[in-house]
file target01.txt (compact mmCIF, N, CA and C atoms)
# COMPACT_ATOMS: atom_id res chain seq x y z
N MET A 1064 -14.35 29.18 -12.71
CA MET A 1064 -14.22 27.79 -13.10
C MET A 1064 -13.81 27.73 -14.56
N ALA A 1065 -12.74 27.06 -14.83
CA ALA A 1065 -12.29 26.86 -16.21
C ALA A 1065 -12.94 25.60 -16.77
N SER A 1066 -13.30 25.65 -18.03
CA SER A 1066 -13.85 24.46 -18.66
C SER A 1066 -12.75 23.77 -19.45
N LEU A 1067 -13.06 22.57 -19.94
CA LEU A 1067 -12.08 21.83 -20.69
C LEU A 1067 -11.68 22.57 -21.96
N LYS A 1068 -12.60 23.28 -22.57
CA LYS A 1068 -12.26 24.02 -23.79
C LYS A 1068 -11.32 25.19 -23.49
N ASP A 1069 -11.26 25.64 -22.24
CA ASP A 1069 -10.35 26.72 -21.85
C ASP A 1069 -8.99 26.20 -21.38
N TYR A 1070 -8.82 24.87 -21.40
CA TYR A 1070 -7.59 24.25 -20.91
C TYR A 1070 -6.37 24.81 -21.66
N LYS A 1071 -5.33 25.09 -20.90
CA LYS A 1071 -4.04 25.49 -21.47
C LYS A 1071 -2.99 24.58 -20.83
N PRO A 1072 -2.08 24.03 -21.63
CA PRO A 1072 -1.06 23.13 -21.07
C PRO A 1072 -0.29 23.80 -19.93
N LEU A 1073 -0.09 23.03 -18.89
CA LEU A 1073 0.60 23.52 -17.70
C LEU A 1073 2.11 23.29 -17.84
N ARG A 1074 2.88 24.31 -17.49
CA ARG A 1074 4.33 24.21 -17.44
C ARG A 1074 4.78 24.99 -16.20
N LEU A 1075 5.38 24.27 -15.27
CA LEU A 1075 5.84 24.90 -14.03
C LEU A 1075 7.26 24.47 -13.73
N MET A 1076 7.96 25.32 -12.99
CA MET A 1076 9.26 24.95 -12.48
C MET A 1076 9.33 25.32 -11.01
N ALA A 1077 10.05 24.53 -10.25
CA ALA A 1077 10.20 24.77 -8.81
C ALA A 1077 11.67 24.92 -8.48
N GLY A 1078 11.98 25.99 -7.72
CA GLY A 1078 13.35 26.25 -7.32
C GLY A 1078 13.54 26.31 -5.82
N ASP A 1079 12.44 26.13 -5.08
CA ASP A 1079 12.54 26.13 -3.62
C ASP A 1079 11.35 25.37 -3.03
N ALA A 1080 11.32 25.25 -1.71
CA ALA A 1080 10.28 24.48 -1.04
C ALA A 1080 8.89 25.07 -1.28
N GLU A 1081 8.78 26.39 -1.34
CA GLU A 1081 7.49 27.02 -1.59
C GLU A 1081 6.97 26.66 -2.99
N ASP A 1082 7.85 26.71 -3.97
CA ASP A 1082 7.46 26.31 -5.33
C ASP A 1082 7.03 24.84 -5.36
N LEU A 1083 7.76 23.98 -4.62
CA LEU A 1083 7.39 22.56 -4.58
C LEU A 1083 5.99 22.37 -3.99
N GLY A 1084 5.61 23.24 -3.05
CA GLY A 1084 4.27 23.17 -2.47
C GLY A 1084 3.20 23.41 -3.52
N ILE A 1085 3.46 24.35 -4.41
CA ILE A 1085 2.52 24.62 -5.51
C ILE A 1085 2.48 23.43 -6.46
N MET A 1086 3.65 22.90 -6.79
CA MET A 1086 3.72 21.74 -7.66
C MET A 1086 2.99 20.55 -7.03
N SER A 1087 3.13 20.39 -5.73
CA SER A 1087 2.45 19.31 -5.01
C SER A 1087 0.94 19.43 -5.15
N ALA A 1088 0.42 20.64 -5.02
CA ALA A 1088 -1.03 20.86 -5.13
C ALA A 1088 -1.52 20.53 -6.54
N VAL A 1089 -0.76 20.91 -7.54
CA VAL A 1089 -1.13 20.65 -8.94
C VAL A 1089 -1.11 19.15 -9.23
N LEU A 1090 -0.18 18.44 -8.62
CA LEU A 1090 -0.01 17.01 -8.89
C LEU A 1090 -0.76 16.10 -7.92
N GLN A 1091 -1.44 16.68 -6.94
CA GLN A 1091 -2.18 15.85 -5.99
C GLN A 1091 -3.15 14.96 -6.75
N ASP A 1092 -3.13 13.68 -6.43
CA ASP A 1092 -4.01 12.66 -7.02
C ASP A 1092 -3.59 12.24 -8.42
N ALA A 1093 -2.39 12.62 -8.86
CA ALA A 1093 -1.87 12.10 -10.13
C ALA A 1093 -1.64 10.60 -9.95
N VAL A 1094 -1.89 9.83 -11.00
CA VAL A 1094 -1.67 8.39 -10.97
C VAL A 1094 -0.62 8.03 -12.01
N ALA A 1095 0.22 7.05 -11.66
CA ALA A 1095 1.30 6.64 -12.55
C ALA A 1095 1.60 5.17 -12.34
N LYS A 1096 2.14 4.54 -13.37
CA LYS A 1096 2.65 3.18 -13.24
C LYS A 1096 4.10 3.27 -12.77
N LEU A 1097 4.48 2.33 -11.91
CA LEU A 1097 5.86 2.33 -11.42
C LEU A 1097 6.85 2.18 -12.57
N GLY A 1098 6.43 1.57 -13.66
CA GLY A 1098 7.30 1.45 -14.83
C GLY A 1098 7.55 2.78 -15.52
N ASP A 1099 6.78 3.81 -15.15
CA ASP A 1099 6.96 5.15 -15.72
C ASP A 1099 7.79 6.05 -14.82
N PHE A 1100 8.53 5.44 -13.87
CA PHE A 1100 9.48 6.15 -13.02
C PHE A 1100 10.87 5.82 -13.54
N ALA A 1101 11.77 6.79 -13.55
CA ALA A 1101 13.13 6.52 -13.99
C ALA A 1101 14.13 7.38 -13.22
N PHE A 1102 15.14 6.72 -12.66
CA PHE A 1102 16.27 7.43 -12.08
C PHE A 1102 17.43 7.28 -13.05
N LEU A 1103 17.94 8.41 -13.51
CA LEU A 1103 19.03 8.44 -14.49
C LEU A 1103 20.27 9.03 -13.81
N PRO A 1104 21.06 8.19 -13.14
CA PRO A 1104 22.19 8.70 -12.35
C PRO A 1104 23.19 9.52 -13.16
N ALA A 1105 23.47 9.11 -14.40
CA ALA A 1105 24.46 9.84 -15.20
C ALA A 1105 23.99 11.26 -15.51
N GLU A 1106 22.66 11.44 -15.65
CA GLU A 1106 22.10 12.77 -15.91
C GLU A 1106 21.70 13.48 -14.61
N ARG A 1107 21.81 12.74 -13.48
CA ARG A 1107 21.40 13.27 -12.16
C ARG A 1107 19.94 13.74 -12.21
N ARG A 1108 19.10 12.88 -12.79
CA ARG A 1108 17.69 13.22 -13.00
C ARG A 1108 16.80 12.07 -12.56
N PHE A 1109 15.65 12.43 -11.97
CA PHE A 1109 14.59 11.48 -11.65
C PHE A 1109 13.36 11.98 -12.39
N ALA A 1110 12.71 11.08 -13.15
CA ALA A 1110 11.58 11.49 -13.98
C ALA A 1110 10.39 10.55 -13.78
N ILE A 1111 9.21 11.12 -13.96
CA ILE A 1111 7.95 10.38 -13.87
C ILE A 1111 7.03 10.89 -14.97
N VAL A 1112 6.28 9.98 -15.57
CA VAL A 1112 5.17 10.37 -16.44
C VAL A 1112 3.91 9.89 -15.73
N ALA A 1113 2.94 10.79 -15.56
CA ALA A 1113 1.74 10.48 -14.78
C ALA A 1113 0.50 11.06 -15.44
N ASN A 1114 -0.64 10.57 -15.01
CA ASN A 1114 -1.92 11.14 -15.43
C ASN A 1114 -2.37 12.10 -14.34
N ARG A 1115 -2.28 13.38 -14.64
CA ARG A 1115 -2.59 14.44 -13.69
C ARG A 1115 -4.06 14.80 -13.75
N PHE A 1116 -4.71 14.89 -12.58
CA PHE A 1116 -6.08 15.40 -12.53
C PHE A 1116 -6.01 16.91 -12.74
N CYS A 1117 -6.85 17.44 -13.62
CA CYS A 1117 -6.83 18.88 -13.93
C CYS A 1117 -7.66 19.64 -12.90
N TRP A 1118 -7.06 19.90 -11.76
CA TRP A 1118 -7.76 20.63 -10.70
C TRP A 1118 -8.17 22.03 -11.18
N GLU A 1119 -7.37 22.64 -12.02
CA GLU A 1119 -7.68 23.99 -12.49
C GLU A 1119 -8.94 24.03 -13.34
N CYS A 1120 -9.38 22.89 -13.85
CA CYS A 1120 -10.60 22.82 -14.66
C CYS A 1120 -11.82 22.41 -13.84
N ALA A 1121 -11.62 21.98 -12.58
CA ALA A 1121 -12.74 21.37 -11.87
C ALA A 1121 -12.74 21.51 -10.36
N ALA A 1122 -11.84 22.25 -9.79
CA ALA A 1122 -11.70 22.26 -8.34
C ALA A 1122 -12.97 22.68 -7.62
N ASP A 1123 -13.75 23.58 -8.19
CA ASP A 1123 -14.93 24.08 -7.51
C ASP A 1123 -16.23 23.40 -7.94
N ARG A 1124 -16.14 22.33 -8.73
CA ARG A 1124 -17.34 21.62 -9.19
C ARG A 1124 -17.50 20.31 -8.46
N LYS A 1125 -18.75 19.91 -8.25
CA LYS A 1125 -19.03 18.65 -7.59
C LYS A 1125 -19.33 17.55 -8.60
N HIS A 1126 -19.77 17.90 -9.80
CA HIS A 1126 -20.17 16.91 -10.80
C HIS A 1126 -19.34 17.08 -12.08
N GLY A 1127 -19.07 15.95 -12.75
CA GLY A 1127 -18.27 15.94 -13.97
C GLY A 1127 -19.07 16.33 -15.18
N PRO A 1128 -18.47 16.22 -16.31
CA PRO A 1128 -17.19 15.53 -16.50
C PRO A 1128 -16.00 16.37 -16.04
N PHE A 1129 -14.97 15.64 -15.66
CA PHE A 1129 -13.72 16.25 -15.25
C PHE A 1129 -12.66 15.89 -16.28
N ALA A 1130 -11.40 16.19 -16.00
CA ALA A 1130 -10.37 15.87 -16.99
C ALA A 1130 -9.06 15.45 -16.31
N ARG A 1131 -8.33 14.63 -17.04
CA ARG A 1131 -6.95 14.27 -16.70
C ARG A 1131 -6.10 14.55 -17.93
N VAL A 1132 -4.81 14.71 -17.70
CA VAL A 1132 -3.86 14.96 -18.79
C VAL A 1132 -2.56 14.25 -18.45
N ARG A 1133 -1.86 13.79 -19.46
CA ARG A 1133 -0.56 13.16 -19.26
C ARG A 1133 0.45 14.26 -19.00
N ALA A 1134 1.24 14.09 -17.96
CA ALA A 1134 2.22 15.11 -17.56
C ALA A 1134 3.57 14.47 -17.29
N GLY A 1135 4.60 15.17 -17.68
CA GLY A 1135 5.96 14.75 -17.37
C GLY A 1135 6.50 15.59 -16.22
N LEU A 1136 7.13 14.93 -15.28
CA LEU A 1136 7.70 15.59 -14.10
C LEU A 1136 9.14 15.13 -13.98
N HIS A 1137 10.06 16.06 -13.80
CA HIS A 1137 11.42 15.63 -13.53
C HIS A 1137 12.11 16.54 -12.53
N PHE A 1138 13.05 15.92 -11.83
CA PHE A 1138 13.86 16.59 -10.82
C PHE A 1138 15.31 16.48 -11.28
N ASP A 1139 16.03 17.59 -11.27
CA ASP A 1139 17.44 17.60 -11.62
C ASP A 1139 18.28 17.77 -10.37
N ASP A 1140 19.60 17.60 -10.52
CA ASP A 1140 20.56 17.69 -9.41
C ASP A 1140 20.32 16.62 -8.35
N VAL A 1141 19.85 15.44 -8.81
CA VAL A 1141 19.54 14.33 -7.91
C VAL A 1141 20.78 13.46 -7.70
N LYS A 1142 21.16 13.29 -6.44
CA LYS A 1142 22.32 12.47 -6.11
C LYS A 1142 21.93 11.00 -5.93
N SER A 1143 20.75 10.74 -5.39
CA SER A 1143 20.30 9.36 -5.20
C SER A 1143 18.78 9.34 -5.11
N ALA A 1144 18.22 8.16 -5.39
CA ALA A 1144 16.77 7.94 -5.29
C ALA A 1144 16.54 6.67 -4.49
N GLN A 1145 15.69 6.76 -3.49
CA GLN A 1145 15.40 5.61 -2.64
C GLN A 1145 13.90 5.36 -2.65
N PHE A 1146 13.50 4.14 -2.99
CA PHE A 1146 12.09 3.75 -3.01
C PHE A 1146 11.76 3.08 -1.68
N GLN A 1147 10.66 3.51 -1.07
CA GLN A 1147 10.23 2.94 0.20
C GLN A 1147 8.82 2.38 0.05
N HIS A 1148 8.67 1.09 0.36
CA HIS A 1148 7.36 0.42 0.33
C HIS A 1148 6.70 0.50 -1.04
N LEU A 1149 7.52 0.49 -2.10
CA LEU A 1149 7.03 0.44 -3.48
C LEU A 1149 7.74 -0.74 -4.15
N ARG A 1150 6.98 -1.60 -4.78
CA ARG A 1150 7.55 -2.77 -5.45
C ARG A 1150 8.01 -2.36 -6.85
N THR A 1151 9.24 -1.96 -6.96
CA THR A 1151 9.75 -1.42 -8.23
C THR A 1151 9.78 -2.47 -9.33
N ASN A 1152 9.72 -3.75 -8.99
CA ASN A 1152 9.68 -4.79 -10.02
C ASN A 1152 8.27 -4.98 -10.58
N ALA A 1153 7.27 -4.37 -9.97
CA ALA A 1153 5.88 -4.44 -10.44
C ALA A 1153 5.61 -3.24 -11.35
N LYS A 1154 6.14 -3.30 -12.56
CA LYS A 1154 6.13 -2.15 -13.47
C LYS A 1154 4.72 -1.65 -13.81
N ASP A 1155 3.72 -2.54 -13.79
CA ASP A 1155 2.34 -2.13 -14.12
C ASP A 1155 1.54 -1.68 -12.90
N ALA A 1156 2.14 -1.75 -11.71
CA ALA A 1156 1.44 -1.31 -10.50
C ALA A 1156 1.18 0.20 -10.58
N VAL A 1157 -0.03 0.59 -10.24
CA VAL A 1157 -0.42 2.00 -10.30
C VAL A 1157 -0.36 2.60 -8.90
N VAL A 1158 0.25 3.77 -8.81
CA VAL A 1158 0.34 4.48 -7.53
C VAL A 1158 -0.29 5.86 -7.68
N GLU A 1159 -0.77 6.38 -6.57
CA GLU A 1159 -1.42 7.70 -6.55
C GLU A 1159 -0.58 8.64 -5.70
N LEU A 1160 -0.17 9.74 -6.29
CA LEU A 1160 0.65 10.73 -5.60
C LEU A 1160 -0.21 11.56 -4.65
N LEU A 1161 0.21 11.63 -3.41
CA LEU A 1161 -0.50 12.44 -2.42
C LEU A 1161 0.12 13.81 -2.24
N ALA A 1162 1.46 13.85 -2.15
CA ALA A 1162 2.12 15.13 -1.87
C ALA A 1162 3.60 15.06 -2.21
N ILE A 1163 4.18 16.24 -2.43
CA ILE A 1163 5.62 16.40 -2.62
C ILE A 1163 6.08 17.39 -1.56
N SER A 1164 7.15 17.04 -0.85
CA SER A 1164 7.66 17.95 0.19
C SER A 1164 9.18 17.99 0.11
N PHE A 1165 9.75 18.94 0.85
CA PHE A 1165 11.20 19.12 0.87
C PHE A 1165 11.69 19.17 2.30
N GLU A 1166 12.69 18.35 2.60
CA GLU A 1166 13.36 18.36 3.90
C GLU A 1166 14.72 19.02 3.69
N ALA A 1167 14.86 20.24 4.18
CA ALA A 1167 16.07 21.02 3.92
C ALA A 1167 17.29 20.46 4.65
N GLY A 1168 18.42 20.52 3.96
CA GLY A 1168 19.71 20.18 4.54
C GLY A 1168 20.54 21.45 4.59
N GLU A 1169 21.82 21.32 4.25
CA GLU A 1169 22.71 22.47 4.27
C GLU A 1169 22.91 23.03 2.87
N ASP A 1170 23.04 24.34 2.77
CA ASP A 1170 23.38 25.03 1.51
C ASP A 1170 22.43 24.71 0.37
N GLY A 1171 21.13 24.62 0.65
CA GLY A 1171 20.14 24.37 -0.39
C GLY A 1171 19.92 22.91 -0.71
N ALA A 1172 20.81 22.04 -0.23
CA ALA A 1172 20.65 20.60 -0.45
C ALA A 1172 19.57 20.08 0.47
N GLY A 1173 19.15 18.85 0.23
CA GLY A 1173 18.15 18.25 1.09
C GLY A 1173 17.53 17.04 0.43
N THR A 1174 16.30 16.72 0.86
CA THR A 1174 15.59 15.56 0.37
C THR A 1174 14.21 15.97 -0.11
N ILE A 1175 13.89 15.62 -1.34
CA ILE A 1175 12.54 15.79 -1.87
C ILE A 1175 11.83 14.47 -1.65
N VAL A 1176 10.65 14.52 -1.04
CA VAL A 1176 9.90 13.31 -0.74
C VAL A 1176 8.59 13.32 -1.52
N LEU A 1177 8.38 12.25 -2.28
CA LEU A 1177 7.12 12.05 -2.99
C LEU A 1177 6.36 10.99 -2.22
N ASP A 1178 5.24 11.35 -1.62
CA ASP A 1178 4.43 10.43 -0.82
C ASP A 1178 3.27 9.92 -1.66
N PHE A 1179 3.05 8.60 -1.58
CA PHE A 1179 1.99 7.95 -2.34
C PHE A 1179 0.97 7.31 -1.41
N ALA A 1180 -0.25 7.16 -1.91
CA ALA A 1180 -1.30 6.49 -1.14
C ALA A 1180 -0.82 5.08 -0.79
N GLY A 1181 -1.19 4.62 0.39
CA GLY A 1181 -0.78 3.29 0.83
C GLY A 1181 0.54 3.26 1.56
N GLY A 1182 1.18 4.41 1.74
CA GLY A 1182 2.41 4.48 2.53
C GLY A 1182 3.70 4.42 1.75
N GLY A 1183 3.66 4.31 0.43
CA GLY A 1183 4.89 4.30 -0.34
C GLY A 1183 5.47 5.69 -0.50
N ALA A 1184 6.77 5.74 -0.77
CA ALA A 1184 7.43 7.04 -0.95
C ALA A 1184 8.66 6.87 -1.83
N VAL A 1185 9.06 7.96 -2.46
CA VAL A 1185 10.35 8.06 -3.13
C VAL A 1185 11.07 9.23 -2.48
N ARG A 1186 12.30 8.98 -2.05
CA ARG A 1186 13.12 10.01 -1.41
C ARG A 1186 14.28 10.33 -2.34
N LEU A 1187 14.36 11.59 -2.74
CA LEU A 1187 15.41 12.03 -3.65
C LEU A 1187 16.38 12.93 -2.91
N GLU A 1188 17.63 12.48 -2.80
CA GLU A 1188 18.67 13.32 -2.22
C GLU A 1188 19.12 14.28 -3.32
N VAL A 1189 18.98 15.59 -3.07
CA VAL A 1189 19.27 16.57 -4.11
C VAL A 1189 20.27 17.62 -3.62
N GLU A 1190 21.00 18.19 -4.57
CA GLU A 1190 21.90 19.29 -4.26
C GLU A 1190 21.12 20.59 -4.13
N SER A 1191 19.97 20.66 -4.82
CA SER A 1191 19.10 21.84 -4.77
C SER A 1191 17.73 21.44 -5.30
N VAL A 1192 16.73 22.27 -5.03
CA VAL A 1192 15.40 22.05 -5.60
C VAL A 1192 15.44 22.56 -7.04
N ASN A 1193 15.18 21.65 -7.96
CA ASN A 1193 15.24 21.98 -9.38
C ASN A 1193 14.27 21.02 -10.08
N ALA A 1194 12.98 21.38 -10.12
CA ALA A 1194 11.94 20.49 -10.62
C ALA A 1194 11.13 21.16 -11.72
N TYR A 1195 10.60 20.33 -12.62
CA TYR A 1195 9.82 20.82 -13.75
C TYR A 1195 8.64 19.89 -14.00
N ILE A 1196 7.50 20.48 -14.39
CA ILE A 1196 6.36 19.71 -14.83
C ILE A 1196 5.84 20.33 -16.12
N SER A 1197 5.47 19.46 -17.06
CA SER A 1197 4.89 19.91 -18.33
C SER A 1197 3.80 18.93 -18.74
N ASP A 1198 2.64 19.45 -19.11
CA ASP A 1198 1.61 18.62 -19.70
C ASP A 1198 2.09 18.20 -21.08
N ILE A 1199 1.91 16.91 -21.40
CA ILE A 1199 2.46 16.40 -22.66
C ILE A 1199 1.40 15.74 -23.55
N SER A 1200 0.13 15.89 -23.19
CA SER A 1200 -0.94 15.35 -24.03
C SER A 1200 -2.12 16.31 -23.99
N GLU A 1201 -3.08 16.01 -24.81
CA GLU A 1201 -4.36 16.72 -24.72
C GLU A 1201 -5.13 16.12 -23.54
N PRO A 1202 -5.95 16.91 -22.86
CA PRO A 1202 -6.73 16.35 -21.76
C PRO A 1202 -7.82 15.41 -22.28
N TRP A 1203 -8.22 14.48 -21.42
CA TRP A 1203 -9.36 13.62 -21.75
C TRP A 1203 -10.33 13.66 -20.58
N ARG A 1204 -11.58 13.39 -20.89
CA ARG A 1204 -12.64 13.45 -19.89
C ARG A 1204 -12.60 12.24 -18.97
N THR A 1205 -12.94 12.49 -17.72
CA THR A 1205 -13.10 11.43 -16.73
C THR A 1205 -14.29 11.79 -15.86
N ARG A 1206 -15.02 10.81 -15.42
CA ARG A 1206 -16.21 11.08 -14.58
C ARG A 1206 -15.84 11.31 -13.13
N ALA A 1207 -14.79 10.65 -12.69
CA ALA A 1207 -14.47 10.66 -11.26
C ALA A 1207 -13.58 11.83 -10.87
N LYS A 1208 -13.92 12.42 -9.76
CA LYS A 1208 -13.10 13.47 -9.16
C LYS A 1208 -12.52 12.86 -7.87
N PRO A 1209 -11.23 12.98 -7.65
CA PRO A 1209 -10.67 12.45 -6.40
C PRO A 1209 -11.37 13.05 -5.19
N GLU A 1210 -11.64 12.20 -4.22
CA GLU A 1210 -12.31 12.66 -2.99
C GLU A 1210 -11.33 12.68 -1.84
N HIS A 1211 -11.46 13.69 -1.01
CA HIS A 1211 -10.62 13.81 0.19
C HIS A 1211 -11.52 13.97 1.38
N LYS A 1212 -11.29 13.12 2.39
CA LYS A 1212 -12.07 13.24 3.62
C LYS A 1212 -11.55 14.43 4.41
N GLU A 1213 -12.46 15.20 4.93
CA GLU A 1213 -12.06 16.41 5.65
C GLU A 1213 -12.06 16.18 7.12

call {"tool": "encode", "arguments": {"input": "target01.txt", "output": "structure tokens"}}
result
Amino acid sequence: MASLKDYKPLRLMAGDAEDLGIMSAVLQDAVAKLGDFAFLPAERRFAIVANRFCWECAADRKHGPFARVRAGLHFDDVKSAQFQHLRTNAKDAVVELLAISFEAGEDGAGTIVLDFAGGGAVRLEVESVNAYISDISEPWRTRAKPEHKE
């Protein structure tokens, strides 16, 4: 079990579906405002800034304090971004990330799907899996640990 004082900023990159699975686990239960999502067509990039739960500091503990950290996530080689069941005009609406997956197409292309609690999703048509996450703040304490029904 790592403590908050042992925290080291996370930096990961994903180049295939297996890597995205690891990134999905790290980002499970991250929360973000819809106003912190950006599709930049000219740069072929989709980016999110979110508050990531630090699973590496607390996964095996039942009681807090726990920690969250601000993290930047971006996907490159994005051809299009489609929002499903998310009110993009509600910039202050908070969403919780459940999982990131990849639906393979031809020659490494495909669709990266970000699934959110409540049924919302973002579908990114990509030429290849090319994703990055970096912690961009110091962690802060939180009492609540996300719960998952088994």

call {"tool": "closest_residue", "arguments": {"input": "target01.txt", "among": "A:Asn1152, A:Ser1143, A:Asn1114, A:Gln1091", "to": "A:Val1189", "atoms": "all atoms listed in the file"}}
result
A:Ser1143

call {"tool": "atom_distance", "arguments": {"input": "target01.txt", "atom1": "atom N of A:Cys1120", "atom2": "atom CA of A:Leu1160"}}
result
17.8 Å

call {"tool": "atom_distance", "arguments": {"input": "target01.txt", "atom1": "atom N of A:Leu1161", "atom2": "atom N of A:Arg1074"}}
result
19.1 Å

call {"tool": "atom_distance", "arguments": {"input": "target01.txt", "atom1": "atom CA of A:Gly1084", "atom2": "atom CA of A:Val1132"}}
result
20.0 Å

call {"tool": "closest_residue", "arguments": {"input": "target01.txt", "among": "A:Val1157, A:Ala1130, A:Val1185, A:Leu1149", "to": "A:Arg1206", "atoms": "only C-alpha atoms"}}
result
A:Ala1130

call {"tool": "residues_around", "arguments": {"input": "target01.txt", "residues": "stretch 1078-1080 of chain A", "least_positions_apart": "3", "cutoff": "6.5 Å", "atoms": "all atoms listed in the file", "output": "ChimeraX atom specification"}}
result
/A:1083-1085,1165,1191-1194

call {"tool": "write_last_selection", "arguments": {"input": "target01.txt", "atoms": "N, CA and C atoms", "output": "PDB file, keeping the file's coordinate frame"}}
result
ATOM      1  N   LEU A1083       7.760  23.980  -4.620  1.00  0.00           N
ATOM      2  CA  LEU A1083       7.390  22.560  -4.580  1.00  0.00           C
ATOM      3  C   LEU A1083       5.990  22.370  -3.990  1.00  0.00           C
ATOM      4  N   GLY A1084       5.610  23.240  -3.050  1.00  0.00           N
ATOM      5  CA  GLY A1084       4.270  23.170  -2.470  1.00  0.00           C
ATOM      6  C   GLY A1084       3.200  23.410  -3.520  1.00  0.00           C
ATOM      7  N   ILE A1085       3.460  24.350  -4.410  1.00  0.00           N
ATOM      8  CA  ILE A1085       2.520  24.620  -5.510  1.00  0.00           C
ATOM      9  C   ILE A1085       2.480  23.430  -6.460  1.00  0.00           C
ATOM     10  N   PHE A1165       9.750  18.940   0.850  1.00  0.00           N
ATOM     11  CA  PHE A1165      11.200  19.120   0.870  1.00  0.00           C
ATOM     12  C   PHE A1165      11.690  19.170   2.300  1.00  0.00           C
ATOM     13  N   SER A1191      19.970  20.660  -4.820  1.00  0.00           N
ATOM     14  CA  SER A1191      19.100  21.840  -4.770  1.00  0.00           C
ATOM     15  C   SER A1191      17.730  21.440  -5.300  1.00  0.00           C
ATOM     16  N   VAL A1192      16.730  22.270  -5.030  1.00  0.00           N
ATOM     17  CA  VAL A1192      15.400  22.050  -5.600  1.00  0.00           C
ATOM     18  C   VAL A1192      15.440  22.560  -7.040  1.00  0.00           C
ATOM     19  N   ASN A1193      15.180  21.650  -7.960  1.00  0.00           N
ATOM     20  CA  ASN A1193      15.240  21.980  -9.380  1.00  0.00           C
ATOM     21  C   ASN A1193      14.270  21.020 -10.080  1.00  0.00           C
ATOM     22  N   ALA A1194      12.980  21.380 -10.120  1.00  0.00           N
ATOM     23  CA  ALA A1194      11.940  20.490 -10.620  1.00  0.00           C
ATOM     24  C   ALA A1194      11.130  21.160 -11.720  1.00  0.00           C
TER      25      ALA A1194
END

call {"tool": "closest_residue", "arguments": {"input": "target01.txt", "among": "A:Leu1177, A:Ala1134, A:Ile1196, A:Ile1163", "to": "A:Ser1087", "atoms": "only C-alpha atoms"}}
result
A:Ile1163

call {"tool": "closest_residue", "arguments": {"input": "target01.txt", "among": "A:Ala1207, A:Phe1179, A:Glu1169, A:Asp1198", "to": "A:Lys1071", "atoms": "all atoms listed in the file"}}
result
A:Asp1198

call {"tool": "residues_around", "arguments": {"input": "target01.txt", "residues": "A:Ala1095", "least_positions_apart": "2", "cutoff": "9 Å", "atoms": "only C-alpha atoms", "output": "NGL selection string"}}
result
:A and (1093 or 1097-1100 or 1111-1115 or 1155-1160)

call {"tool": "decode", "arguments": {"input": "target01.txt", "residues": "stretch 1169-1179 of chain A", "atoms": "N, CA, C and O atoms", "output": "PDB file, in the first residue's frame"}}
result
ATOM      1  N   GLU A1169      -9.702  -1.269 -39.322  1.00  0.00           N
ATOM      2  CA  GLU A1169      -8.660  -1.794 -40.196  1.00  0.00           C
ATOM      3  C   GLU A1169      -7.356  -1.032 -40.017  1.00  0.00           C
ATOM      4  O   GLU A1169      -7.354   0.170 -39.780  1.00  0.00           O
ATOM      5  N   ASP A1170      -6.245  -1.732 -40.132  1.00  0.00           N
ATOM      6  CA  ASP A1170      -4.906  -1.126 -40.126  1.00  0.00           C
ATOM      7  C   ASP A1170      -4.627  -0.268 -38.897  1.00  0.00           C
ATOM      8  O   ASP A1170      -4.048   0.807 -39.000  1.00  0.00           O
ATOM      9  N   GLY A1171      -5.069  -0.712 -37.718  1.00  0.00           N
ATOM     10  CA  GLY A1171      -4.804   0.011 -36.480  1.00  0.00           C
ATOM     11  C   GLY A1171      -5.805   1.104 -36.172  1.00  0.00           C
ATOM     12  O   GLY A1171      -5.813   1.661 -35.086  1.00  0.00           O
ATOM     13  N   ALA A1172      -6.636   1.466 -37.148  1.00  0.00           N
ATOM     14  CA  ALA A1172      -7.662   2.480 -36.922  1.00  0.00           C
ATOM     15  C   ALA A1172      -8.798   1.864 -36.121  1.00  0.00           C
ATOM     16  O   ALA A1172      -8.857   0.653 -35.925  1.00  0.00           O
ATOM     17  N   GLY A1173      -9.687   2.709 -35.642  1.00  0.00           N
ATOM     18  CA  GLY A1173     -10.831   2.211 -34.906  1.00  0.00           C
ATOM     19  C   GLY A1173     -11.495   3.311 -34.112  1.00  0.00           C
ATOM     20  O   GLY A1173     -11.354   4.503 -34.431  1.00  0.00           O
ATOM     21  N   THR A1174     -12.191   2.909 -33.048  1.00  0.00           N
ATOM     22  CA  THR A1174     -12.931   3.845 -32.217  1.00  0.00           C
ATOM     23  C   THR A1174     -12.540   3.645 -30.761  1.00  0.00           C
ATOM     24  O   THR A1174     -12.615   2.528 -30.244  1.00  0.00           O
ATOM     25  N   ILE A1175     -12.132   4.729 -30.122  1.00  0.00           N
ATOM     26  CA  ILE A1175     -11.900   4.729 -28.682  1.00  0.00           C
ATOM     27  C   ILE A1175     -13.191   5.219 -28.044  1.00  0.00           C
ATOM     28  O   ILE A1175     -13.729   6.257 -28.445  1.00  0.00           O
ATOM     29  N   VAL A1176     -13.693   4.465 -27.071  1.00  0.00           N
ATOM     30  CA  VAL A1176     -14.952   4.812 -26.416  1.00  0.00           C
ATOM     31  C   VAL A1176     -14.686   5.112 -24.948  1.00  0.00           C
ATOM     32  O   VAL A1176     -14.100   4.296 -24.240  1.00  0.00           O
ATOM     33  N   LEU A1177     -15.112   6.301 -24.525  1.00  0.00           N
ATOM     34  CA  LEU A1177     -15.051   6.687 -23.122  1.00  0.00           C
ATOM     35  C   LEU A1177     -16.467   6.585 -22.582  1.00  0.00           C
ATOM     36  O   LEU A1177     -17.356   7.318 -23.039  1.00  0.00           O
ATOM     37  N   ASP A1178     -16.707   5.659 -21.669  1.00  0.00           N
ATOM     38  CA  ASP A1178     -18.036   5.439 -21.097  1.00  0.00           C
ATOM     39  C   ASP A1178     -18.133   6.136 -19.747  1.00  0.00           C
ATOM     40  O   ASP A1178     -17.230   6.006 -18.906  1.00  0.00           O
ATOM     41  N   PHE A1179     -19.252   6.837 -19.545  1.00  0.00           N
ATOM     42  CA  PHE A1179     -19.485   7.582 -18.318  1.00  0.00           C
ATOM     43  C   PHE A1179     -20.699   7.043 -17.579  1.00  0.00           C
ATOM     44  O   PHE A1179     -21.606   6.474 -18.193  1.00  0.00           O
TER      45      PHE A1179
END
